[in-house]
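One structure is given here, and the rest of the page talks about it.
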Amino acid sequence: MPETPSPSSPPSLLEVRDLKVHYPAGSGFLGHSPRFFKAVDGVSFVIHSGKTIGLVGESGSGKTTVGRAIIHLAPISGGAILWEGRNIGQLPENSFRPFRKHIQMIFQDPYGSLNPRLTIETIVGEAFEVHFPQYSKAERRDRVVDLMRQVGLKPDHIRRYPHEFSGGQRQRIGIARALAVSPRLIICDEPVSALDVSVQAQIINLLQDLQEQYHLSYLFIGHDLGVIEHVSDRVLVMNQGKIVESGDCESIYRSPQHPYTRKLLDAVPSLA
Amino acid sequence: MTPWLENLIVIGGLAILIATLWIWAHSDRWQRAWQRFRRDRLGIASLGIIAFYLLVGLMASLRLPAPAHGQACPTILDRLFSGVPKEKSYSAPFADTTYSVNRPEPLKGRHPLGTDVLGKDVLLQTAKACRTALIIAGLTSLIYIPLGTLLGIVAGYFRRWVDDIIQYVYITLASIPNILLLVAILMVLGKGLSQMAIALGITSWVGLCRLIRGESMRQATRPYVEAARALGHGPWVIITRHILPNVMHLVIINLVLGFSGLVLSESILSYIGVGAPVGTPSWGLMIDSARMELSREPVVWWYLVSATGALFFLVLSLNLLGDALRRAFDPKSS
């Protein structure tokens, strides 16, 4: 049941229309009739300013690919991605670069997402090189220190290397890097699934505080239904590259319509 | 070329080497590797032996002012051996007389590794040949290391047609037997040390390129590379900042291990007569001329043993150092 935006809805920040990401999965004999693996197959949804959309599904359902396609890390085979009404889905890299300032990503793996050879100052400051080249070295450092404080780290941490931090701290560094360019939408690709439960809550609270402070929008990708319910305004359920159900948290969790959603909810371990 | 220009080039090269090591020594990962390497006795011992070879090579390269006008400038090594007299013919190590069954003649001096057919000290020749081996291996490394690393990273990062072209080139090169290709290139270029370095450089980059290509492919999918792309960084920044530093340890290990192969190649090419010009001090040429001596009665063995021994210890130390570096950089793999 794909979500179709009605003309009466308020102006959207990001609208995804019939997004398709197909990967060639081997070709037929002599290159004829190539077969495709449909990672994302006709997904549509809308993200409004300051809201959080939860995207939930099991591994391999295509949810991460949706996020990656939005910031051009995965090739788009069809459909449109509208940023405030302008189609940015097919833009070449040079024209898309200004939009990278508005859309950032937080990665799942806090260990792999930071280059082990660089100091925190370089990692977080990298963003300024592209989008704020006018900053001097001192200004850049001030901004990095500022960002470190905002994500709950100490300013003197900027000279350290990633291996000197815990998983939760690294995820905070990843958040600081995403925040550096003052984006309006952050794609959170399972930002807490690699963390301890106690740390998960801290990171989610941090994300919610930042959302309030900067009026951020999130596309929150995850498989943990509890986390998704806690953070999202609307939830999309994805299976095999398609959105099978969408709605506000309440309706999805209280009365799931699609059998796959019911299956997902039944799979949640309960203490009762 | 004037002797002073020669000296300047040698010292300049050495300064660049030390400066590079100095810069690397300040990065965090290299310091951690050094902490592990320091405890590796075999690694330290091999490093010591290699340093000794480098010192000998340096002494055979740096020239002193000529003793009298019109004479050739001697190297430091020549000066060190200036007290060692020239004999009439062969003499065994530490012998008192020449190596002759019928008419042994008393020697003018002592020779720890004996003398050759012309009565020249074998130790001096072995030491001089060290320079040739190091120059060939060093020059070749200067050619093939940047070439292999750059092509490997470019192929691994960009994939698609760039990768196809680079793969096509190296698969073609790899499918031709190495020694045939070397001989063919040397036939075209002619004999000489720089020609040898070019020929070896053309044939040596394939292995490194393959290795770096594979590792770059792996690095290119790491989330921190994706994060850099998501920030809008171009390929040049991503390659130099995120990929190159993360494959550099492989380049270093390959450089050290490849160096031993190049030292061997120099000897092999000189042995089969397409390498160093006759008259150049070279272990390969020494082994080649020792061929005839082995059939003499009584057998002249020290010429062959000196050249082979010098070659053996250098190659062995380089291999041990390469392994020690691998252990130091990647403790999980061993």
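Ordering of the structure tokens sets the chain letters (A, B, ...), residue numbers begin anew at 1 in every chain, and ligands are numbered from 1 in the order given.
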
**OP:** Extract, using only C-alpha atoms, all DNA, RNA and protein residues at most 12 Å from Asp196 in chain A, discarding same-chain residues fewer than 6 positions from it, and format them as a PyMOL selection string.
**Re:** chain A and resi 166-169+171+202-203

For the residues in the current selection, export C-alpha atoms as a compact mmCIF listing (two decimals), in the first residue's frame.
```txt
# COMPACT_ATOMS: atom_id res chain seq x y z
CA SER A 166 33.71 3.75 22.84
CA GLY A 167 30.97 2.76 20.40
CA GLY A 168 28.53 5.29 21.81
CA GLN A 169 31.12 8.07 21.69
CA GLN A 171 28.33 7.40 17.16
CA GLN A 202 21.40 8.15 25.26
CA ILE A 203 21.94 8.40 21.52
```

Subject >> chain A contacts on chain B, only C-alpha atoms, 8 Å, as a PyMOL selection string >> reply: chain B and resi 28-29+222-233+242+245-246

Subject >> Shell around Ile228 in chain A at 9 Å using only C-alpha atoms, local window under 5 positions removed, as a PyMOL selection string >> reply: chain A and resi 53-56+220-223+235+249

Give me a file of those residues, with N, CA and C atoms, as a PDB file, in the first residue's frame.
```pdb
ATOM      1  N   ILE A  53      10.285  10.103  10.097  1.00  0.00           N
ATOM      2  CA  ILE A  53       9.649   8.960   9.446  1.00  0.00           C
ATOM      3  C   ILE A  53      10.447   7.715   9.824  1.00  0.00           C
ATOM      4  N   GLY A  54       9.789   6.736  10.359  1.00  0.00           N
ATOM      5  CA  GLY A  54      10.463   5.482  10.671  1.00  0.00           C
ATOM      6  C   GLY A  54      10.311   4.519   9.513  1.00  0.00           C
ATOM      7  N   LEU A  55      11.405   3.893   9.136  1.00  0.00           N
ATOM      8  CA  LEU A  55      11.359   2.931   8.035  1.00  0.00           C
ATOM      9  C   LEU A  55      11.805   1.593   8.609  1.00  0.00           C
ATOM     10  N   VAL A  56      10.875   0.657   8.652  1.00  0.00           N
ATOM     11  CA  VAL A  56      11.183  -0.580   9.355  1.00  0.00           C
ATOM     12  C   VAL A  56      11.037  -1.778   8.431  1.00  0.00           C
ATOM     13  N   PHE A 220      14.375   7.637   9.831  1.00  0.00           N
ATOM     14  CA  PHE A 220      14.977   6.742  10.818  1.00  0.00           C
ATOM     15  C   PHE A 220      14.786   5.297  10.375  1.00  0.00           C
ATOM     16  N   ILE A 221      15.891   4.690   9.937  1.00  0.00           N
ATOM     17  CA  ILE A 221      15.824   3.332   9.421  1.00  0.00           C
ATOM     18  C   ILE A 221      16.186   2.366  10.539  1.00  0.00           C
ATOM     19  N   GLY A 222      15.414   1.313  10.684  1.00  0.00           N
ATOM     20  CA  GLY A 222      15.736   0.375  11.758  1.00  0.00           C
ATOM     21  C   GLY A 222      14.952  -0.910  11.657  1.00  0.00           C
ATOM     22  N   HIS A 223      15.353  -1.868  12.486  1.00  0.00           N
ATOM     23  CA  HIS A 223      14.551  -3.088  12.551  1.00  0.00           C
ATOM     24  C   HIS A 223      13.979  -3.293  13.945  1.00  0.00           C
ATOM     25  N   VAL A 235       5.231   5.681  10.419  1.00  0.00           N
ATOM     26  CA  VAL A 235       6.034   4.480  10.222  1.00  0.00           C
ATOM     27  C   VAL A 235       5.720   3.876   8.855  1.00  0.00           C
ATOM     28  N   CYS A 249       2.168   5.836  14.121  1.00  0.00           N
ATOM     29  CA  CYS A 249       2.626   4.772  15.007  1.00  0.00           C
ATOM     30  C   CYS A 249       1.462   4.020  15.624  1.00  0.00           C
TER      31      CYS A 249
END
```

Original post:
Near Val144 in chain A, counting only C-alpha atoms, which residues have an atom at most 8 Å away, once you skip same-chain residues fewer than 6 positions from it, shown as a ChimeraX atom specification?
Top reply: /A:121,124-125,158,180

**OP:** Write out as a PyMOL selection string the residues lying within 7 Å of range 125-142 of chain B, counting only C-alpha atoms and excluding same-chain residues fewer than 5 positions away.
**Re:** chain B and resi 53+56-57+60-61+193+197-198+200-201+255+259+262-263+266+281-283+306-307

Write the residues you've just listed into a file as a PDB file, in the first residue's frame, and include C-alpha atoms for each of them.
```
ATOM      1  CA  TYR B  53      74.516  -3.302   3.590  1.00  0.00           C
ATOM      2  CA  VAL B  56      78.594  -0.469   2.589  1.00  0.00           C
ATOM      3  CA  GLY B  57      76.656   0.705  -0.459  1.00  0.00           C
ATOM      4  CA  ALA B  60      81.021   2.514  -2.273  1.00  0.00           C
ATOM      5  CA  SER B  61      79.126   5.540  -3.639  1.00  0.00           C
ATOM      6  CA  LEU B 193      72.004   0.199 -14.851  1.00  0.00           C
ATOM      7  CA  ALA B 197      65.855  -0.406 -13.633  1.00  0.00           C
ATOM      8  CA  ILE B 198      63.367   0.650 -16.329  1.00  0.00           C
ATOM      9  CA  LEU B 200      62.466  -4.293 -14.098  1.00  0.00           C
ATOM     10  CA  GLY B 201      60.101  -1.424 -13.286  1.00  0.00           C
ATOM     11  CA  LEU B 255      58.476  -2.585  -1.080  1.00  0.00           C
ATOM     12  CA  PHE B 259      63.376  -5.290  -2.897  1.00  0.00           C
ATOM     13  CA  LEU B 262      64.902  -7.098  -7.354  1.00  0.00           C
ATOM     14  CA  VAL B 263      68.335  -7.711  -5.842  1.00  0.00           C
ATOM     15  CA  GLU B 266      69.811  -7.919 -10.876  1.00  0.00           C
ATOM     16  CA  PRO B 281      80.951  -4.803  -9.835  1.00  0.00           C
ATOM     17  CA  SER B 282      77.965  -7.135  -9.614  1.00  0.00           C
ATOM     18  CA  TRP B 283      77.214 -10.320  -7.713  1.00  0.00           C
ATOM     19  CA  SER B 306      81.427 -14.647  -1.413  1.00  0.00           C
ATOM     20  CA  ALA B 307      78.992 -13.384  -4.042  1.00  0.00           C
TER      21      ALA B 307
END
```

Original post:
Quick one: of B:Leu189, B:Ile202, B:Leu77, B:Leu113, who's nearest to Tyr90 in chain B, counting only C-alpha atoms?
Top reply: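 Distance minimum relative to Tyr90 in chain B lands on B:Leu113.
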
**OP:** Report the residues of range 67-236 of chain A whose backbone DSSP state falls under helix (DSSP H, G or I), written as a ChimeraX atom specification.
**Re:** /A:67-70,93-100,120-131,137-150,155-159,162-164,167-179,197-214,225-231
